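Okay, so here's the structure we're looking at.
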Amino acid sequence: MNRPIGGWRRLSAVIAASALLPAAGCGGGDSARSTGPAKAGSGEVAKVTWGIDSAPRSLDPAHAYDGKSALVYEQVYDSLLYLDAAGRIVPGLATSWSRPDPLTYVYRIRTDAKFWDGKPVTAEDAAFSLGRHADKKVASEFATYFGAVKSVRATGPGTVTVKLSRPDPFFRYIPALAGQVVQKAFATAHAKDLGTPRVGTMGSGPYKVESFSAATGATLVRNPSWWGPKAAVKRLEFKVVGDPETLRLAAQSGAVDGTFLSDPSLSRRWRDGRGMTVKWVPSPQTVYLSFDVATAPFDDVHVRRAVSLSVDRRGLSTALFGGHARVARSLTPPESWGDLAPADKVRSIYAGLPEPSFDTAKAKAELAQSRHPQGFQVTVPYPASMKWLGDVLQSLQQNLKPLNITLTAKQVPFQEYVGALYGHEKLGLQLIPYTPEYPDPAGIPSLVLGTEQIKGGFNTSGFSTPEIETVLSQQRAAKRPDPVAGLGRIDAIIADQQPYAPLFYTDSGLALNRRLVFDADYSVWLNFSQQWATRLRPAA
């Protein structure tokens with residue numbers, strides 16, 4: 001999975017997003033990849049039932065930073081900014097924005113937005129909503145993004161000004177990620193239970209909340225007073241279907257009209273049918289191995305290289321994922337570059353990176369040079385909710401046998417898996433999926449490398465060097481150097497020292513009833529930072 005976070009909740013949100021959201025781009029694949037349904041028609045749709053594998057935890061973004069909750073609450077709020085399908089920042093409630101100096105961001109708020117109760121959305125509401133995440137009393141799950149925020153104030157009838165205590169080049173994305181605006185009066189009156197099933201919330205988005213259950217899902221109805229183009233779907237019901245096969249059968253039968261697909265190992269089952277269209281697209285998720293360089297046997301670089309050489313990345317891409325995963329040549333996926341480099345330049349960068357090898361003979365040679373030439377035993381956990389990670393480990397288990405390395409894949413509860421990663425205690429070997437929260441190629445390296453991230457952050461390898469520290473510092477500077485050179489150097493160090501072994505960039509999918517069309521470019525940025533339900537239209 002896009003920044004250090006306090007506690008395990010941030011990673012749980014990131015991996016939850018990895019387990020849910022589709023992403024931008026296009027690429028190769030098999031017949032399961034579809035060009036999608038025909039053109040959108042006019043008119044309305046009375047009801048759409050959307051399948052999700054678990055219910056939203058809350059409708060308060062501050063206490064529900066995860067992909068499943070965001071799918072719902074992005075429809076009921078307006079956000080200051082959004083990301084478009086290519087990851088570019090576009091207007092929301094803020095019609096324009098500027099950065100007059102490295103420590104100041106200014107947002108101009110539109111004047112025609114109203115909350116569901118008819119009251120206007122003001123700069124005070126917007127400043128309050130953004131500022132909540134920096135308030136320690138709120139204990140927002142977005143708090144990590146506001147570490148550099150000094151103040152958030154309404155500085156005019158339609159102006160919000162954010163002051164930073166230090167330059168933070170990543171903050172430009174935050175109003176598109178955590179910029180949902182809730183009515184200040186309502187949130188203040190319900191400071192302890194905002195977003196709960198009992199209280200609900202007060203937004204200004206294209207849908208209003210009719211009902212919400214943290215167990216069964218939510219029902220939204222169209223907001224007739226929304227300032228944007230009228231949504232075609234009048235009623236949107238989120239239905240929890242926890243079992244993947246039950247969800248697939250429900251989609252095939254028409255009991256569920258659509259769902260986002262997160263498990264590419266199921267792509268052979270999720271295919272176009274008589275009443276359903278399935279589309280797979282590349283996502284910015286990177287799946288990688290993490291080696292704890294502080295503890296044996298992974299404190300030995302030859303051991304790390306031997307394990308990395310034992311992963312059949314290309315074979316798994318075809319056999320397990322049906323072509324819906326690409327061999328990762330870097331921790332940073334191509335889709336995470338956003339508007340920081342032209343697409344042809346990004347393609348050229350990745351074409352020039354070496355593809356990791358699968359070579360048992362070389363793996364044996366590396367292990368022979370290590371302090372553990374006779375092999376060893378290792379147990380690797382994976383979350384029960386992501387069975388496909390266990391399948392990857394089973395493949396690696398077989399490939400390590402010729403090296404006399406015994407790998408045991410251990411299924412554990414999701415919270416236990418994440419909690420252990422944040423505990424930073426003798427992590428050994430880990431298999432981790434990560435999806436960037438914003439399109440910046442420095443996002444993953446800044447999270448998983450450097451001394452700042454070893455305790456309390458997400459440097460699960462415990463690896464850093466003076467050169468790594470210098471490059472990371474440059475990427476965080478107010479005037480960033482060319483990201484290509486810096487990230488190229490990071491890739492070279494990782495390839496040599498193997499604190500992390502990138503494995504795959506996985507695809508994600510959209511399954512949609514043929515009576516519907518997703519009338520937009522299909523992208524993870526839309527799903528996590530857009531009112532995606534407004535893009536659902538009746539098929540022509």
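Going through the structure tokens in order, the chains are called A, B, and so on, while each chain numbers its residues from 1 and the ligands are numbered from 1 in the order shown.
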Every residue of segment 106-143 of chain A that DSSP places in alpha helix (DSSP H), as a short mmCIF file (atom, residue, chain, number, x, y, z; two decimals) with C-alpha atoms, in the first residue's frame:
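Dumped everything to selection_28.cif:
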data_model
loop_
_atom_site.label_atom_id
_atom_site.label_comp_id
_atom_site.auth_asym_id
_atom_site.auth_seq_id
_atom_site.Cartn_x
_atom_site.Cartn_y
_atom_site.Cartn_z
CA ALA A 123 -15.18 28.78 4.61
CA GLU A 124 -15.62 28.30 8.37
CA ASP A 125 -17.04 24.82 7.73
CA ALA A 126 -14.18 23.98 5.38
CA ALA A 127 -11.48 25.28 7.73
CA PHE A 128 -13.04 23.46 10.67
CA SER A 129 -13.23 20.17 8.74
CA LEU A 130 -9.65 20.34 7.55
CA GLY A 131 -8.39 21.52 10.93
CA ARG A 132 -10.04 18.60 12.78
#
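Once segment 185-202 of chain A and its same-chain neighbours fewer than 5 positions away are set aside, Ser58, Leu59, Asp60, Phe115, Trp116, Asp117, Val209, Ser211, Phe212, Ser213 and Ala214 of chain A remain within 8 Å of it when counting only C-alpha atoms.
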Using only C-alpha atoms, which of A:Gly242, A:Pro333, A:Pro120, A:Gly156 sits nearest Ala55 of chain A?
A:Gly242
Every residue of segment 189-425 of chain A that DSSP places in strand (DSSP E or B), as a PyMOL selection string:
chain A and resi 207-213+217-222+233+235-240+258-261+276-291+325-327+376-383+405-412
Pick out the residues sitting within 9 Å of segment 253-261 of chain A, and hand them over as a PyMOL selection string; count only C-alpha atoms, and ignore anything fewer than 5 positions along from it in its own chain.
chain A and resi 19-22+48-52+239+247-248+266-267+270+275-276+280+508-516
Excluding Gly450 of chain A and its own-chain neighbours fewer than 4 positions away, which residues fall within 12 Å of it when counting only C-alpha atoms? Please give them as a list in words.
Arg3, Pro4, Ile444, Pro445, Ser446, Ile454, Lys455, Gly456, Gly457, Phe458, Asn459, Thr460, Ser461, Gly462, Phe463, Ser464, Thr465, Pro466, Glu467, Ile468, Glu469, Thr470, Val471, Leu472, Ser473, Ile490 and Pro499 of chain A
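Residue nearest Glu335 of chain A, chosen from A:Gly179, A:Gly217, A:Gly352, A:Gly87 and counting only C-alpha atoms: A:Gly87.
Compared by their closest atoms to Val182 of chain A, and using only C-alpha atoms, the residues A:Val76, A:Ala294, A:Val138, A:Ile89 rank with A:Val76 nearest.
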May I have the residues within 8 Å of Lys163 of chain A as JSON, numbers by chain, using only C-alpha atoms and disregarding those fewer than 6 positions away in the same chain?
{"A": [103, 104, 105, 149, 150, 151, 152]}
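Shortest atom-to-atom contact with Pro538 of chain A among A:Val162, A:Val293, A:Leu429, A:Ala46: A:Ala46, counting only C-alpha atoms.
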Which residues are near Ala325 of chain A? Cut-off 10 Å, only C-alpha atoms, ignore same chain within fewer than 5 positions. Put them as JSON, numbers by chain.
{"A": [27, 28, 29, 264, 265, 281, 282, 283, 285, 286, 287, 313, 314, 316, 317, 318, 320, 503, 504, 505, 506, 507, 508]}
Go ahead and write the selection's residues with N, CA, C and O atoms as a JSON list (two decimals), in the first residue's frame.
[["chain", "number", "residue", "atom", "x", "y", "z"],
["A", 27, "GLY", "N", -3.30, -2.07, -19.72],
["A", 27, "GLY", "CA", -2.16, -2.96, -19.94],
["A", 27, "GLY", "C", -2.60, -4.28, -20.49],
["A", 27, "GLY", "O", -3.76, -4.50, -20.81],
["A", 28, "GLY", "N", -1.65, -5.21, -20.59],
["A", 28, "GLY", "CA", -1.93, -6.51, -21.16],
["A", 28, "GLY", "C", -2.76, -7.37, -20.25],
["A", 28, "GLY", "O", -3.14, -7.00, -19.17],
["A", 29, "GLY", "N", -3.02, -8.58, -20.69],
["A", 29, "GLY", "CA", -3.82, -9.49, -19.88],
["A", 29, "GLY", "C", -4.42, -10.55, -20.76],
["A", 29, "GLY", "O", -4.08, -10.70, -21.93],
["A", 264, "PRO", "N", -6.58, -10.30, -7.74],
["A", 264, "PRO", "CA", -6.36, -10.70, -9.14],
["A", 264, "PRO", "C", -6.26, -12.20, -9.33],
["A", 264, "PRO", "O", -6.38, -12.68, -10.45],
["A", 265, "SER", "N", -6.05, -12.95, -8.24],
["A", 265, "SER", "CA", -6.00, -14.41, -8.38],
["A", 265, "SER", "C", -7.37, -14.99, -8.72],
["A", 265, "SER", "O", -7.47, -16.14, -9.13],
["A", 281, "VAL", "N", -7.73, -3.34, -14.67],
["A", 281, "VAL", "CA", -6.76, -2.31, -15.03],
["A", 281, "VAL", "C", -5.57, -2.38, -14.07],
["A", 281, "VAL", "O", -5.71, -2.83, -12.94],
["A", 282, "PRO", "N", -4.40, -1.96, -14.51],
["A", 282, "PRO", "CA", -3.25, -1.94, -13.60],
["A", 282, "PRO", "C", -3.48, -0.99, -12.44],
["A", 282, "PRO", "O", -4.07, 0.08, -12.61],
["A", 283, "SER", "N", -3.02, -1.39, -11.28],
["A", 283, "SER", "CA", -3.14, -0.52, -10.11],
["A", 283, "SER", "C", -1.76, -0.10, -9.63],
["A", 283, "SER", "O", -0.75, -0.68, -10.03],
["A", 285, "GLN", "N", -0.59, -0.62, -6.78],
["A", 285, "GLN", "CA", -0.20, -1.42, -5.63],
["A", 285, "GLN", "C", 1.09, -2.18, -5.90],
["A", 285, "GLN", "O", 1.23, -2.84, -6.92],
["A", 286, "THR", "N", 2.02, -2.10, -4.96],
["A", 286, "THR", "CA", 3.25, -2.88, -5.01],
["A", 286, "THR", "C", 3.19, -3.96, -3.93],
["A", 286, "THR", "O", 2.89, -3.66, -2.76],
["A", 287, "VAL", "N", 3.46, -5.19, -4.30],
["A", 287, "VAL", "CA", 3.60, -6.29, -3.36],
["A", 287, "VAL", "C", 5.09, -6.59, -3.23],
["A", 287, "VAL", "O", 5.76, -6.79, -4.24],
["A", 313, "ARG", "N", 8.52, -14.52, -10.12],
["A", 313, "ARG", "CA", 7.58, -13.41, -10.33],
["A", 313, "ARG", "C", 6.79, -13.57, -11.62],
["A", 313, "ARG", "O", 5.57, -13.40, -11.64],
["A", 314, "ARG", "N", 7.49, -13.85, -12.69],
["A", 314, "ARG", "CA", 6.80, -13.95, -13.98],
["A", 314, "ARG", "C", 5.87, -15.16, -14.03],
["A", 314, "ARG", "O", 4.77, -15.08, -14.56],
["A", 316, "LEU", "N", 4.33, -16.58, -11.46],
["A", 316, "LEU", "CA", 3.16, -16.29, -10.63],
["A", 316, "LEU", "C", 2.21, -15.32, -11.34],
["A", 316, "LEU", "O", 1.00, -15.43, -11.23],
["A", 317, "SER", "N", 2.78, -14.37, -12.06],
["A", 317, "SER", "CA", 1.94, -13.40, -12.78],
["A", 317, "SER", "C", 0.98, -14.10, -13.72],
["A", 317, "SER", "O", -0.18, -13.72, -13.85],
["A", 318, "THR", "N", 1.47, -15.17, -14.35],
["A", 318, "THR", "CA", 0.64, -15.92, -15.30],
["A", 318, "THR", "C", -0.21, -16.98, -14.60],
["A", 318, "THR", "O", -1.42, -17.05, -14.79],
["A", 320, "LEU", "N", -0.83, -17.71, -11.23],
["A", 320, "LEU", "CA", -1.69, -17.35, -10.11],
["A", 320, "LEU", "C", -2.63, -16.20, -10.44],
["A", 320, "LEU", "O", -3.82, -16.25, -10.14],
["A", 503, "LEU", "N", 8.00, -7.42, -5.82],
["A", 503, "LEU", "CA", 7.52, -8.62, -6.52],
["A", 503, "LEU", "C", 6.59, -8.28, -7.68],
["A", 503, "LEU", "O", 6.86, -8.62, -8.82],
["A", 504, "PHE", "N", 5.45, -7.62, -7.36],
["A", 504, "PHE", "CA", 4.42, -7.40, -8.36],
["A", 504, "PHE", "C", 3.80, -6.01, -8.24],
["A", 504, "PHE", "O", 3.78, -5.41, -7.16],
["A", 505, "TYR", "N", 3.29, -5.55, -9.37],
["A", 505, "TYR", "CA", 2.26, -4.50, -9.39],
["A", 505, "TYR", "C", 0.99, -5.22, -9.82],
["A", 505, "TYR", "O", 0.94, -5.81, -10.90],
["A", 506, "THR", "N", -0.03, -5.21, -9.01],
["A", 506, "THR", "CA", -1.22, -6.00, -9.29],
["A", 506, "THR", "C", -2.30, -5.18, -9.99],
["A", 506, "THR", "O", -2.35, -3.96, -9.88],
["A", 507, "ASP", "N", -3.16, -5.89, -10.70],
["A", 507, "ASP", "CA", -4.33, -5.27, -11.32],
["A", 507, "ASP", "C", -5.50, -5.29, -10.34],
["A", 507, "ASP", "O", -5.54, -6.11, -9.42],
["A", 508, "SER", "N", -6.44, -4.40, -10.57],
["A", 508, "SER", "CA", -7.71, -4.41, -9.84],
["A", 508, "SER", "C", -8.83, -4.32, -10.86],
["A", 508, "SER", "O", -8.61, -3.97, -12.02]]
Exercise: Ser308 of chain A partners within 9 Å, only C-alpha atoms, chain neighbours under 3 positions left out, as a ChimeraX atom specification:
/A:289,303-305,311,356-358,363,498,500-503
Now that the selection is made, can you save its residues with C-alpha atoms as a PDB file, in the first residue's frame?
ATOM      1  CA  LEU A 289       9.111  -8.858   0.556  1.00  0.00           C
ATOM      2  CA  VAL A 303      20.474 -14.536   2.456  1.00  0.00           C
ATOM      3  CA  ARG A 304      18.269 -11.681   1.299  1.00  0.00           C
ATOM      4  CA  ARG A 305      19.507 -12.047  -2.261  1.00  0.00           C
ATOM      5  CA  VAL A 311      10.608 -15.857  -6.307  1.00  0.00           C
ATOM      6  CA  PRO A 356      14.510  -9.278 -11.060  1.00  0.00           C
ATOM      7  CA  SER A 357      15.722 -12.801 -11.790  1.00  0.00           C
ATOM      8  CA  PHE A 358      14.313 -16.169 -10.795  1.00  0.00           C
ATOM      9  CA  ALA A 363      20.205 -18.383  -5.196  1.00  0.00           C
ATOM     10  CA  GLN A 498      17.779  -6.105  -0.886  1.00  0.00           C
ATOM     11  CA  TYR A 500      13.034  -5.019   0.200  1.00  0.00           C
ATOM     12  CA  ALA A 501      12.381  -7.244  -2.795  1.00  0.00           C
ATOM     13  CA  PRO A 502       9.663  -5.833  -5.073  1.00  0.00           C
ATOM     14  CA  LEU A 503       7.522  -8.618  -6.522  1.00  0.00           C
TER      15      LEU A 503
END
